[in-house]
file entry.cif (mmCIF, C-alpha atoms)
data_work
loop_
_atom_site.label_atom_id
_atom_site.label_comp_id
_atom_site.auth_asym_id
_atom_site.auth_seq_id
_atom_site.Cartn_x
_atom_site.Cartn_y
_atom_site.Cartn_z
CA MET A 6 114.80 166.50 55.57
CA ILE A 7 114.78 163.45 57.84
CA ASN A 8 117.60 162.09 55.74
CA ARG A 9 119.72 165.18 56.33
CA ILE A 10 119.09 165.13 60.07
CA LEU A 11 120.13 161.48 60.20
CA LYS A 12 123.25 162.25 58.17
CA PHE A 13 124.14 165.12 60.48
CA GLY A 14 123.56 162.89 63.51
CA LEU A 15 125.99 160.36 62.06
CA ILE A 16 128.64 163.06 61.45
CA PHE A 17 128.11 164.32 64.99
CA VAL A 18 128.60 160.90 66.61
CA LEU A 19 131.56 159.98 64.39
CA LEU A 20 133.43 163.23 65.03
CA ILE A 21 132.80 163.13 68.79
CA LEU A 22 134.05 159.53 68.93
CA LEU A 23 137.09 160.40 66.80
CA GLN A 24 137.88 163.31 69.11
CA VAL A 25 137.41 161.38 72.36
CA LEU A 26 139.00 158.09 71.38
CA LEU A 27 141.82 159.31 69.17
CA PHE A 28 142.65 163.01 69.30
CA ASN A 29 142.19 163.49 73.05
CA ASN A 30 144.86 160.85 73.54
CA ILE A 31 147.49 162.71 71.52
CA GLN A 32 149.76 164.14 74.16
CA PHE A 33 152.68 165.76 72.47
CA SER A 34 154.56 167.82 75.07
CA GLY A 35 151.43 169.77 75.98
CA TYR A 36 151.65 172.03 72.94
CA VAL A 37 149.71 170.04 70.36
CA ASN A 38 146.09 169.22 71.23
CA PRO A 39 144.07 169.03 68.02
CA TYR A 40 140.35 169.62 68.44
CA VAL A 41 138.74 168.23 65.30
CA TYR A 42 135.17 168.10 66.64
CA ILE A 43 134.73 171.77 65.61
CA MET A 44 134.09 170.28 62.13
CA ILE A 45 130.55 169.54 63.34
CA ILE A 46 129.89 173.29 63.29
CA LEU A 47 131.71 173.72 59.97
CA LEU A 48 129.57 171.16 58.17
CA LEU A 49 126.10 172.48 59.06
CA PRO A 50 124.04 173.70 56.06
CA VAL A 51 124.60 177.33 55.02
CA GLU A 52 120.97 178.39 55.42
CA ILE A 53 120.53 177.00 58.97
CA PRO A 54 118.89 179.61 61.25
CA ALA A 55 121.40 181.33 63.52
CA TRP A 56 119.56 180.40 66.72
CA LEU A 57 119.61 176.69 65.83
CA LEU A 58 123.30 176.94 64.97
CA LEU A 59 123.97 178.46 68.41
CA ILE A 60 122.00 175.73 70.20
CA ILE A 61 123.77 172.94 68.29
CA SER A 62 127.12 174.59 69.10
CA PHE A 63 126.15 174.75 72.74
CA PHE A 64 125.32 171.04 72.94
CA THR A 65 128.40 170.02 70.95
CA GLY A 66 130.57 171.90 73.45
CA LEU A 67 128.64 170.47 76.37
CA VAL A 68 129.18 166.90 75.16
CA MET A 69 132.92 167.55 74.76
CA ASP A 70 133.03 169.02 78.26
CA LEU A 71 131.41 165.88 79.65
CA PHE A 72 134.17 163.79 78.13
CA THR A 73 137.08 166.00 79.15
CA GLY A 74 135.71 166.93 82.60
CA THR A 75 136.05 170.67 82.02
CA PRO A 76 132.59 172.18 82.56
CA GLY A 77 132.01 175.24 80.37
CA MET A 78 135.34 175.46 78.58
CA HIS A 79 134.52 173.78 75.29
CA THR A 80 130.96 175.10 75.51
CA ALA A 81 132.06 178.74 75.61
CA ALA A 82 134.55 178.32 72.75
CA THR A 83 132.16 176.39 70.51
CA VAL A 84 129.27 178.81 71.05
CA LEU A 85 131.60 181.65 70.07
CA ALA A 86 132.58 179.79 66.90
CA GLY A 87 128.89 179.16 66.13
CA PHE A 88 128.14 182.85 66.64
CA ILE A 89 130.73 184.13 64.18
CA ARG A 90 129.96 181.52 61.51
CA PRO A 91 127.06 183.40 59.78
CA TYR A 92 129.16 186.61 59.60
CA LEU A 93 132.14 184.69 58.25
CA LEU A 94 129.98 182.99 55.61
CA ARG A 95 128.65 186.41 54.56
CA VAL A 96 132.20 187.75 54.17
CA LEU A 97 133.40 184.69 52.27
CA SER A 98 130.29 184.56 50.05
CA PRO A 99 131.19 183.35 46.49
CA ARG A 100 130.45 185.64 43.54
CA ASP A 101 127.21 183.88 42.58
CA GLY A 102 126.05 183.24 46.15
CA TYR A 103 125.68 179.96 48.03
CA GLU A 104 123.82 177.07 46.49
CA SER A 105 120.71 176.22 48.48
CA ASN A 106 120.49 172.98 50.45
CA LYS A 107 124.24 172.40 50.39
CA VAL A 108 126.65 172.13 53.27
CA PRO A 109 129.75 174.35 53.03
CA SER A 110 132.11 171.65 51.77
CA MET A 111 135.32 171.36 49.81
CA ALA A 112 133.54 169.46 47.05
CA VAL A 113 131.21 172.36 46.29
CA TYR A 114 133.31 175.49 46.87
CA GLY A 115 136.86 174.26 46.26
CA PHE A 116 139.97 173.81 48.36
CA GLN A 117 140.96 177.45 48.74
CA TRP A 118 137.55 178.59 49.95
CA PHE A 119 137.26 175.71 52.41
CA PHE A 120 140.79 176.28 53.71
CA ILE A 121 140.15 179.95 54.56
CA TYR A 122 136.79 179.07 56.12
CA THR A 123 138.40 176.34 58.29
CA LEU A 124 141.38 178.52 59.19
CA VAL A 125 139.29 181.37 60.60
CA MET A 126 136.85 179.09 62.46
CA VAL A 127 139.58 176.94 64.02
CA LEU A 128 141.67 179.95 65.05
CA VAL A 129 138.69 181.62 66.74
CA HIS A 130 137.68 178.41 68.52
CA HIS A 131 141.21 177.46 69.65
CA THR A 132 142.10 180.98 70.79
CA ALA A 133 138.99 181.14 72.97
CA LEU A 134 139.53 177.59 74.25
CA PHE A 135 143.20 177.84 75.22
CA TYR A 136 142.95 181.26 76.83
CA LEU A 137 139.88 180.15 78.79
CA GLU A 138 141.82 177.11 79.95
CA VAL A 139 144.74 179.14 81.29
CA PHE A 140 142.48 181.99 82.40
CA ARG A 141 145.25 184.52 82.88
CA LEU A 142 147.42 186.63 80.65
CA ALA A 143 150.70 185.84 82.40
CA ASP A 144 151.82 183.19 79.91
CA PHE A 145 150.40 185.04 76.92
CA LEU A 146 153.06 184.05 74.39
CA ARG A 147 153.30 180.43 75.42
CA THR A 148 149.53 180.04 75.21
CA PHE A 149 149.66 181.75 71.81
CA LEU A 150 152.19 179.18 70.65
CA ARG A 151 149.91 176.39 71.87
CA VAL A 152 147.01 177.96 69.93
CA LEU A 153 149.06 178.17 66.73
CA LEU A 154 150.55 174.66 66.91
CA SER A 155 147.25 173.02 67.86
CA SER A 156 145.41 174.95 65.14
CA LEU A 157 147.95 173.81 62.58
CA PHE A 158 147.28 170.18 63.45
CA SER A 159 143.49 170.61 63.74
CA ILE A 160 143.32 172.28 60.32
CA THR A 161 145.47 169.58 58.76
CA PHE A 162 143.28 166.81 60.16
CA ILE A 163 140.04 168.60 59.18
CA LEU A 164 141.27 169.13 55.61
CA LEU A 165 142.32 165.49 55.47
CA ILE A 166 138.91 164.26 56.65
CA GLU A 167 137.17 166.65 54.25
CA TYR A 168 139.37 165.42 51.39
CA ILE A 169 138.40 161.81 52.14
CA ARG A 170 134.73 162.85 52.31
CA LYS A 171 135.04 164.61 48.96
CA ARG A 172 136.55 161.55 47.27
CA LYS A 173 133.68 159.35 48.36
CA MET B 22 106.98 197.88 75.15
CA ARG B 23 106.90 197.73 71.35
CA ASN B 24 110.39 199.13 71.23
CA LEU B 25 111.53 196.40 73.56
CA LEU B 26 109.92 193.72 71.39
CA ASN B 27 111.47 195.22 68.26
CA PHE B 28 114.81 195.24 70.02
CA ILE B 29 114.48 191.58 70.98
CA ILE B 30 113.46 190.58 67.44
CA LYS B 31 116.28 192.56 65.89
CA TYR B 32 118.98 191.23 68.17
CA ASN B 33 117.55 187.80 69.00
CA ASN B 34 120.65 185.92 67.90
CA LEU B 35 122.92 188.15 69.91
CA ILE B 36 120.69 187.60 72.94
CA ILE B 37 120.72 183.80 72.52
CA PHE B 38 124.49 183.99 72.09
CA LEU B 39 124.91 186.00 75.27
CA ILE B 40 122.62 183.69 77.26
CA LEU B 41 124.46 180.54 76.10
CA GLU B 42 127.87 182.11 76.79
CA GLY B 43 126.54 183.15 80.18
CA ILE B 44 125.63 179.54 80.99
CA ALA B 45 129.06 178.37 79.77
CA PHE B 46 130.89 180.90 81.94
CA PHE B 47 128.72 180.01 84.91
CA LEU B 48 129.74 176.35 84.45
CA LEU B 49 133.34 177.41 83.98
CA SER B 50 133.50 179.45 87.15
CA THR B 51 131.62 177.07 89.42
CA GLY B 52 132.73 173.73 88.02
CA ASN B 53 136.48 174.02 87.92
CA SER B 54 137.46 175.20 91.37
CA TYR B 55 139.53 173.11 93.72
CA HIS B 56 136.89 172.54 96.34
CA ASN B 57 133.73 172.31 94.30
CA THR B 58 134.10 168.73 93.17
CA ARG B 59 130.43 167.99 92.77
CA VAL B 60 130.31 168.93 89.10
CA VAL B 61 133.48 166.98 88.38
CA LYS B 62 132.00 164.05 90.23
CA GLY B 63 128.67 164.20 88.42
CA THR B 64 130.06 164.67 84.95
CA ARG B 65 132.84 162.14 85.33
CA GLY B 66 130.33 159.51 86.39
CA LEU B 67 128.71 159.58 82.96
CA THR B 68 131.85 158.98 80.97
CA ASN B 69 133.77 156.75 83.33
CA ARG B 70 132.45 153.54 81.84
CA ILE B 71 133.84 154.43 78.44
CA GLU B 72 137.15 155.49 79.93
CA LEU B 73 137.35 152.22 81.80
CA ARG B 74 137.20 150.35 78.49
CA ILE B 75 139.92 152.52 76.96
CA SER B 76 142.06 152.01 80.04
CA ASN B 77 141.60 148.26 79.92
CA ALA B 78 142.81 148.18 76.34
CA ARG B 79 145.78 150.41 77.15
CA SER B 80 146.88 148.43 80.20
CA TYR B 81 147.35 145.45 77.92
CA PHE B 82 150.16 147.16 76.07
CA GLN B 83 151.95 148.11 79.27
CA LEU B 84 151.94 144.66 80.87
CA ARG B 85 155.66 144.10 80.44
CA GLU B 86 156.69 147.34 82.12
CA ILE B 87 154.13 146.91 84.87
CA GLY B 88 155.47 143.42 85.53
CA GLN B 89 158.97 144.81 85.87
CA ASP B 90 157.83 147.54 88.23
CA LEU B 91 155.95 145.07 90.39
CA ALA B 92 158.95 142.76 90.55
CA LYS B 93 161.14 145.66 91.61
CA GLU B 94 158.67 146.70 94.27
CA ASN B 95 158.39 143.12 95.50
CA MET B 96 162.13 142.96 95.92
CA MET B 97 162.12 146.21 97.87
CA LEU B 98 159.33 145.02 100.14
CA LYS B 99 161.11 141.73 100.81
CA ASN B 100 164.21 143.64 101.85
CA GLU B 101 162.07 145.80 104.09
CA ILE B 102 160.56 142.76 105.80
CA GLU B 103 164.00 141.37 106.33
CA ARG B 104 165.16 144.59 107.94
CA LEU B 105 162.07 144.92 110.16
CA GLY B 106 162.34 141.29 111.28
CA ARG B 107 165.77 141.94 112.72
CA ASN B 108 164.71 145.09 114.49
CA GLU B 109 162.11 143.32 116.53
CA ASP B 110 164.49 142.38 119.33
CA GLN B 111 165.00 146.00 120.26
CA PRO B 112 163.10 147.03 123.38
CA PHE B 113 162.13 150.42 121.92
CA SER B 114 160.74 150.19 118.44
CA PRO B 115 161.44 153.25 116.29
CA LEU B 116 158.22 152.68 114.36
CA ALA B 117 155.40 155.16 114.85
CA ASP B 118 152.86 152.71 113.45
CA SER B 119 152.08 150.48 116.39
CA VAL B 120 148.62 148.97 116.31
CA TYR B 121 147.07 151.64 118.50
CA LYS B 122 148.46 154.76 116.94
CA GLN B 123 148.77 153.85 113.34
CA LYS B 124 149.09 157.12 111.48
CA TYR B 125 148.82 156.28 107.80
CA ILE B 126 146.70 153.80 105.96
CA TRP B 127 147.79 152.54 102.54
CA SER B 128 145.78 151.28 99.65
CA THR B 129 146.33 150.69 95.95
CA ALA B 130 144.35 151.79 92.93
CA GLU B 131 144.50 151.85 89.17
CA VAL B 132 144.38 154.97 87.01
CA VAL B 133 141.53 154.77 84.49
CA ASN B 134 141.78 158.22 82.97
CA ASN B 135 144.69 160.63 82.86
CA SER B 136 145.52 163.91 81.22
CA LEU B 137 148.81 165.71 80.77
CA LYS B 138 148.06 168.30 78.21
CA ARG B 139 145.86 170.67 80.11
CA GLN B 140 147.01 173.37 82.50
CA LYS B 141 144.82 171.93 85.24
CA ASN B 142 145.24 168.19 85.00
CA PHE B 143 143.25 165.58 86.88
CA PHE B 144 143.23 161.81 86.74
CA THR B 145 140.65 159.26 87.76
CA LEU B 146 141.11 156.18 89.96
CA ASN B 147 139.03 153.01 89.78
CA LYS B 148 138.20 153.08 93.51
CA GLY B 149 135.92 155.36 95.50
CA GLU B 150 134.11 155.78 98.78
CA LEU B 151 133.00 152.14 98.86
CA GLN B 152 136.65 151.04 98.80
CA GLY B 153 137.58 153.45 101.59
CA LEU B 154 139.00 156.35 99.64
CA ALA B 155 138.19 159.89 100.70
CA VAL B 156 138.88 163.48 99.72
CA ASP B 157 142.35 164.86 100.67
CA MET B 158 144.10 161.51 100.63
CA ALA B 159 147.58 161.50 99.09
CA VAL B 160 148.34 159.59 95.88
CA THR B 161 151.81 158.26 95.10
CA ALA B 162 153.22 156.21 92.24
CA ASN B 163 156.30 154.06 92.89
CA ASP B 164 156.86 155.93 96.16
CA ALA B 165 156.85 159.34 94.51
CA VAL B 166 154.28 162.10 94.71
CA ALA B 167 151.51 161.97 92.11
CA GLY B 168 148.55 164.01 93.42
CA VAL B 169 145.76 164.53 95.95
CA ILE B 170 142.20 163.20 95.81
CA VAL B 171 139.70 166.02 95.33
CA GLY B 172 136.48 164.15 94.68
CA CYS B 173 135.05 160.69 95.33
CA SER B 174 131.98 158.99 93.98
CA ARG B 175 130.94 155.49 95.00
CA ASN B 176 133.41 153.64 92.79
CA PHE B 177 135.69 156.33 91.36
CA SER B 178 137.90 159.11 92.63
CA VAL B 179 139.19 162.21 90.87
CA VAL B 180 142.75 163.17 91.74
CA MET B 181 144.29 166.59 91.27
CA SER B 182 147.56 165.76 89.57
CA LEU B 183 150.84 167.38 90.57
CA LEU B 184 150.65 168.73 87.02
CA ASN B 185 147.96 171.23 87.98
CA LEU B 186 148.48 174.97 88.38
CA ASP B 187 146.47 174.85 91.63
CA PHE B 188 148.62 172.14 93.21
CA ARG B 189 150.85 173.25 96.11
CA LEU B 190 153.11 170.92 98.05
CA SER B 191 155.27 171.68 101.03
CA SER B 192 158.59 170.00 100.26
CA ARG B 193 162.19 170.15 101.43
CA ILE B 194 165.66 169.44 100.21
CA LYS B 195 166.73 166.20 101.82
CA SER B 196 170.41 167.06 102.28
CA ASN B 197 169.91 170.22 104.34
CA GLY B 198 166.26 170.18 105.43
CA TYR B 199 165.30 173.62 104.09
CA PHE B 200 161.70 173.59 102.96
CA GLY B 201 159.75 175.52 100.37
CA SER B 202 156.67 175.34 98.23
CA LEU B 203 156.54 173.12 95.16
CA SER B 204 154.22 173.87 92.28
CA TRP B 205 153.90 173.18 88.59
CA ASP B 206 154.47 176.01 86.13
CA GLY B 207 152.52 174.48 83.28
CA THR B 208 155.43 174.01 80.89
CA ASP B 209 156.09 170.27 80.70
CA HIS B 210 155.16 167.10 82.51
CA MET B 211 158.71 166.26 83.65
CA HIS B 212 159.52 169.36 85.71
CA ALA B 213 158.12 171.42 88.58
CA VAL B 214 159.36 174.49 90.43
CA LEU B 215 160.47 174.67 94.07
CA SER B 216 160.37 178.20 95.48
CA GLU B 217 161.00 179.93 98.81
CA ILE B 218 164.43 178.36 99.37
CA PRO B 219 166.68 181.21 100.61
CA GLN B 220 169.84 181.96 98.63
CA HIS B 221 172.31 181.48 101.47
CA VAL B 222 171.65 177.73 101.43
CA THR B 223 174.06 175.60 99.42
CA ILE B 224 172.30 173.33 96.97
CA ASN B 225 173.58 171.07 94.25
CA ILE B 226 172.17 169.66 91.06
CA GLY B 227 170.93 166.16 91.78
CA ASP B 228 169.86 166.84 95.39
CA THR B 229 166.75 164.92 96.40
CA VAL B 230 163.52 166.83 97.05
CA GLU B 231 160.98 165.16 99.36
CA THR B 232 157.75 165.97 101.19
CA THR B 233 157.78 167.54 104.65
CA GLY B 234 154.56 166.12 106.04
CA TYR B 235 153.50 169.60 107.24
CA SER B 236 150.34 169.63 105.19
CA ALA B 237 148.97 166.50 106.91
CA VAL B 238 148.22 165.08 103.46
CA PHE B 239 151.51 163.46 102.47
CA PRO B 240 153.63 161.52 104.96
CA GLU B 241 157.10 162.84 105.61
CA GLY B 242 159.90 161.82 103.27
CA ILE B 243 158.03 160.79 100.14
CA MET B 244 160.30 161.57 97.21
CA VAL B 245 159.25 164.27 94.74
CA GLY B 246 162.24 164.36 92.41
CA THR B 247 165.77 165.69 92.03
CA ILE B 248 167.07 169.19 91.43
CA SER B 249 167.88 169.57 87.75
CA GLU B 250 168.54 173.27 87.53
CA PHE B 251 168.66 176.32 89.79
CA GLU B 252 169.26 180.02 89.36
CA LYS B 253 169.50 183.05 91.60
CA THR B 254 166.69 185.46 90.92
CA GLY B 255 166.56 189.14 91.85
CA SER B 256 164.81 188.37 95.12
CA ASP B 257 166.23 186.52 98.12
CA PHE B 258 165.14 183.13 96.89
CA TYR B 259 166.34 180.57 94.39
CA ARG B 260 164.25 179.47 91.49
CA ILE B 261 164.78 175.70 91.51
CA THR B 262 163.62 173.37 88.77
CA VAL B 263 162.88 169.86 89.98
CA LEU B 264 162.97 166.82 87.72
CA LEU B 265 159.94 164.83 88.87
CA LYS B 266 160.42 161.20 89.77
CA THR B 267 156.92 160.24 88.71
CA ASP B 268 156.49 159.75 84.98
CA PHE B 269 152.91 160.95 84.50
CA ARG B 270 152.95 159.71 80.93
CA LYS B 271 152.79 156.10 82.09
CA LEU B 272 150.94 156.47 85.36
CA HIS B 273 148.97 153.29 85.94
CA TYR B 274 149.17 151.63 89.36
CA VAL B 275 149.23 154.06 92.27
CA ASN B 276 149.18 153.96 96.06
CA VAL B 277 146.67 155.95 98.08
CA ILE B 278 147.69 157.13 101.55
CA GLY B 279 145.20 158.33 104.13
CA ASN B 280 146.26 160.18 107.28
CA LEU B 281 144.26 158.83 110.22
CA GLN B 282 145.33 161.65 112.51
CA LYS B 283 144.71 164.44 110.04
CA SER B 284 141.52 165.81 111.56
CA GLU B 285 143.08 165.81 115.01
CA GLN B 286 146.08 167.79 113.79
CA LEU B 287 144.01 170.29 111.81
CA GLU B 288 141.58 170.83 114.67
CA LEU B 289 144.41 171.59 117.06
CA GLU B 290 146.04 173.99 114.60
CA LYS B 291 142.84 175.78 113.68
CA PRO B 292 142.61 178.39 116.47
CA TYR B 293 146.21 179.48 115.86
CA GLN B 294 145.93 180.27 112.18
#

call {"tool": "encode", "arguments": {"input": "entry.cif", "output": "structure tokens"}}
result
Amino acid sequence: MINRILKFGLIFVLLILLQVLLFNNIQFSGYVNPYVYIMIILLLPVEIPAWLLLIISFFTGLVMDLFTGTPGMHTAATVLAGFIRPYLLRVLSPRDGYESNKVPSMAVYGFQWFFIYTLVMVLVHHTALFYLEVFRLADFLRTFLRVLLSSLFSITFILLIEYIRKRK
Amino acid sequence: MRNLLNFIIKYNNLIIFLILEGIAFFLLSTGNSYHNTRVVKGTRGLTNRIELRISNARSYFQLREIGQDLAKENMMLKNEIERLGRNEDQPFSPLADSVYKQKYIWSTAEVVNNSLKRQKNFFTLNKGELQGLAVDMAVTANDAVAGVIVGCSRNFSVVMSLLNLDFRLSSRIKSNGYFGSLSWDGTDHMHAVLSEIPQHVTINIGDTVETTGYSAVFPEGIMVGTISEFEKTGSDFYRITVLLKTDFRKLHYVNVIGNLQKSEQLELEKPYQ
């Protein structure tokens, strides 16, 4: 148990650092802003209680907000992602159920399963985040384009990181 | 009572979700407004040390360009001194900045954190109240508009960038003096939009756009950019796209300008507005 908490703490710190030091500095014409830190929520164990998941989401978002100077924005989006995760996992449940004590990873459930799981989570998170940032519907299509392009890059990076993790 | 408890047990996750989202939206609505800079100030203070490190590393890679810019500026200043030296014989000096009624005070600062990719962009300077900076001072880079200070802590200041949907600047076309309102439309970091210029005015692509000094924040005649595109809209006004002179992508050394007579001007204007 202690071991798993430590491992999660390490993932948390590494992903936050990666986001702040590397991905937050990618400035590609304002359309591509990958947010890879959402992987923290993706990699929590399947059987984690929903309330704990929500609280971890809340603090993850809060830490990101501290670094980007946007109080509430990342928090709201990440809490939303944490809220839908249990329902999504129920929908995506494999034929013989989830294995206990395993994180939802590519190594256990395969590429296709992990891809769909990541796709839905990232789209929900990015949609909430970008529309909250603009906070009006005037530029609906342009914001939508930003959501799609950023999601594309986030998903690519998450799959890449997950692939490296799987190889290890 | 039991029904209530049952309800809470049944929907406890939904309730936690709603409470946490409520906190997030509270932060969102109170923390991001133009005038409430306390949250920005408080939160930025925590992460500034890390950003300072990143900035130090980055400034190393830009040394060559910075050196060139400084040399260019030096040359300009030398020319200026030369020009001023000759003017001194005149009995009536055209300068408004005599010792007793100096209007603007200049200072320099370094950008330690910058963002371009958000819709409401801010950047952070490495000087604050202790170094004499204050809220509502103007920030320029290479003599072109960059932003306005919205929050100061002891050693850092947060600047609302021109690339911010809330930024408004009174600016005019240099060739004919017609003024309008300049704002950023959120599309890209090279262009902004100048509105409220009536359609009977003749304008050309390449015309210089500069500040008017009406807002008491920016001095008169600081360059904003050049007109890159204009079109006649259905209304009586042009929609003018301005190519910004400041390259926010490599913003590093900036000037800060404080208006010493600002409070006097605003106080006088107050009853009439």

call {"tool": "closest_residue", "arguments": {"input": "entry.cif", "among": "A:Leu157, A:Ile10, A:Val127, A:Ala112", "to": "Pro50 in chain A", "atoms": "only C-alpha atoms"}}
result
A:Ile10

call {"tool": "atom_distance", "arguments": {"input": "entry.cif", "atom1": "CA of Ile261 in chain B", "atom2": "CA of Phe149 in chain A"}}
result
25.6 Å

call {"tool": "residues_around", "arguments": {"input": "entry.cif", "residues": "range 210-220 of chain B", "least_positions_apart": "2", "cutoff": "6 Å", "atoms": "all atoms listed in the file", "output": "list of chain:residue names"}}
result
B:Gly201, B:Ser202, B:Leu203, B:Ser204, B:Trp205, B:Val222, B:Asp257, B:Phe258, B:Tyr259, B:Arg260, B:Ile261, B:Thr262, B:Val263, B:Leu264, B:Leu265

call {"tool": "atom_distance", "arguments": {"input": "entry.cif", "atom1": "CA of Val179 in chain B", "atom2": "CA of Ile75 in chain B"}}
result
17.0 Å

call {"tool": "residues_near_point", "arguments": {"input": "entry.cif", "point": "(130.8, 170.5, 78.2)", "cutoff": "12 Å", "atoms": "all atoms listed in the file", "output": "PyMOL selection string"}}
result
(chain A and resi 62-84+134) or (chain B and resi 44-49+52-53+60-61+64-65+68)

call {"tool": "write_last_selection", "arguments": {"input": "entry.cif", "atoms": "C-alpha atoms", "output": "JSON list (two decimals), in the coordinates of the input"}}
result
[["chain", "number", "residue", "atom", "x", "y", "z"],
["A", 62, "SER", "CA", 127.12, 174.59, 69.10],
["A", 63, "PHE", "CA", 126.15, 174.75, 72.74],
["A", 64, "PHE", "CA", 125.32, 171.04, 72.94],
["A", 65, "THR", "CA", 128.40, 170.02, 70.95],
["A", 66, "GLY", "CA", 130.57, 171.90, 73.45],
["A", 67, "LEU", "CA", 128.64, 170.47, 76.37],
["A", 68, "VAL", "CA", 129.18, 166.90, 75.16],
["A", 69, "MET", "CA", 132.92, 167.55, 74.76],
["A", 70, "ASP", "CA", 133.03, 169.02, 78.26],
["A", 71, "LEU", "CA", 131.41, 165.88, 79.65],
["A", 72, "PHE", "CA", 134.17, 163.79, 78.13],
["A", 73, "THR", "CA", 137.08, 166.00, 79.15],
["A", 74, "GLY", "CA", 135.71, 166.93, 82.60],
["A", 75, "THR", "CA", 136.05, 170.67, 82.02],
["A", 76, "PRO", "CA", 132.59, 172.18, 82.56],
["A", 77, "GLY", "CA", 132.01, 175.24, 80.37],
["A", 78, "MET", "CA", 135.34, 175.46, 78.58],
["A", 79, "HIS", "CA", 134.52, 173.78, 75.29],
["A", 80, "THR", "CA", 130.96, 175.10, 75.51],
["A", 81, "ALA", "CA", 132.06, 178.74, 75.61],
["A", 82, "ALA", "CA", 134.55, 178.32, 72.75],
["A", 83, "THR", "CA", 132.16, 176.39, 70.51],
["A", 84, "VAL", "CA", 129.27, 178.81, 71.05],
["A", 134, "LEU", "CA", 139.53, 177.59, 74.25],
["B", 44, "ILE", "CA", 125.63, 179.54, 80.99],
["B", 45, "ALA", "CA", 129.06, 178.37, 79.77],
["B", 46, "PHE", "CA", 130.89, 180.90, 81.94],
["B", 47, "PHE", "CA", 128.72, 180.01, 84.91],
["B", 48, "LEU", "CA", 129.74, 176.35, 84.45],
["B", 49, "LEU", "CA", 133.34, 177.41, 83.98],
["B", 52, "GLY", "CA", 132.73, 173.73, 88.02],
["B", 53, "ASN", "CA", 136.48, 174.02, 87.92],
["B", 60, "VAL", "CA", 130.31, 168.93, 89.10],
["B", 61, "VAL", "CA", 133.48, 166.98, 88.38],
["B", 64, "THR", "CA", 130.06, 164.67, 84.95],
["B", 65, "ARG", "CA", 132.84, 162.14, 85.33],
["B", 68, "THR", "CA", 131.85, 158.98, 80.97]]

call {"tool": "resolve_selection", "arguments": {"input": "entry.cif", "expression": "the PyMOL selection byres ((chain A and resi 140) around 12)", "output": "number ranges by chain"}}
result
A: 78, 132-139, 141-145, 148; B: 46, 49-50, 53, 140-141, 186

call {"tool": "build_atoms", "arguments": {"input": "entry.cif", "residues": "range 62-74 of chain A", "atoms": "N, CA and C atoms", "output": "JSON list (two decimals), keeping the file's coordinate frame"}}
result
[["chain", "number", "residue", "atom", "x", "y", "z"],
["A", 62, "SER", "N", 125.77, 174.32, 68.61],
["A", 62, "SER", "CA", 127.12, 174.59, 69.10],
["A", 62, "SER", "C", 127.19, 174.35, 70.60],
["A", 63, "PHE", "N", 126.17, 174.87, 71.28],
["A", 63, "PHE", "CA", 126.15, 174.75, 72.74],
["A", 63, "PHE", "C", 126.19, 173.28, 73.16],
["A", 64, "PHE", "N", 125.36, 172.45, 72.52],
["A", 64, "PHE", "CA", 125.32, 171.04, 72.94],
["A", 64, "PHE", "C", 126.58, 170.29, 72.52],
["A", 65, "THR", "N", 127.14, 170.65, 71.36],
["A", 65, "THR", "CA", 128.40, 170.02, 70.95],
["A", 65, "THR", "C", 129.47, 170.28, 72.02],
["A", 66, "GLY", "N", 129.58, 171.55, 72.43],
["A", 66, "GLY", "CA", 130.57, 171.90, 73.45],
["A", 66, "GLY", "C", 130.30, 171.18, 74.75],
["A", 67, "LEU", "N", 129.02, 171.11, 75.11],
["A", 67, "LEU", "CA", 128.64, 170.47, 76.37],
["A", 67, "LEU", "C", 129.05, 169.00, 76.38],
["A", 68, "VAL", "N", 128.82, 168.31, 75.26],
["A", 68, "VAL", "CA", 129.18, 166.90, 75.16],
["A", 68, "VAL", "C", 130.70, 166.74, 75.30],
["A", 69, "MET", "N", 131.47, 167.61, 74.64],
["A", 69, "MET", "CA", 132.92, 167.55, 74.76],
["A", 69, "MET", "C", 133.35, 167.77, 76.21],
["A", 70, "ASP", "N", 132.70, 168.73, 76.86],
["A", 70, "ASP", "CA", 133.03, 169.02, 78.26],
["A", 70, "ASP", "C", 132.78, 167.82, 79.16],
["A", 71, "LEU", "N", 131.71, 167.08, 78.86],
["A", 71, "LEU", "CA", 131.41, 165.88, 79.65],
["A", 71, "LEU", "C", 132.57, 164.89, 79.54],
["A", 72, "PHE", "N", 133.13, 164.78, 78.33],
["A", 72, "PHE", "CA", 134.17, 163.79, 78.13],
["A", 72, "PHE", "C", 135.51, 164.25, 78.69],
["A", 73, "THR", "N", 135.77, 165.55, 78.67],
["A", 73, "THR", "CA", 137.08, 166.00, 79.15],
["A", 73, "THR", "C", 137.03, 166.46, 80.60],
["A", 74, "GLY", "N", 135.81, 166.52, 81.19],
["A", 74, "GLY", "CA", 135.71, 166.93, 82.60],
["A", 74, "GLY", "C", 136.08, 168.38, 82.82]]
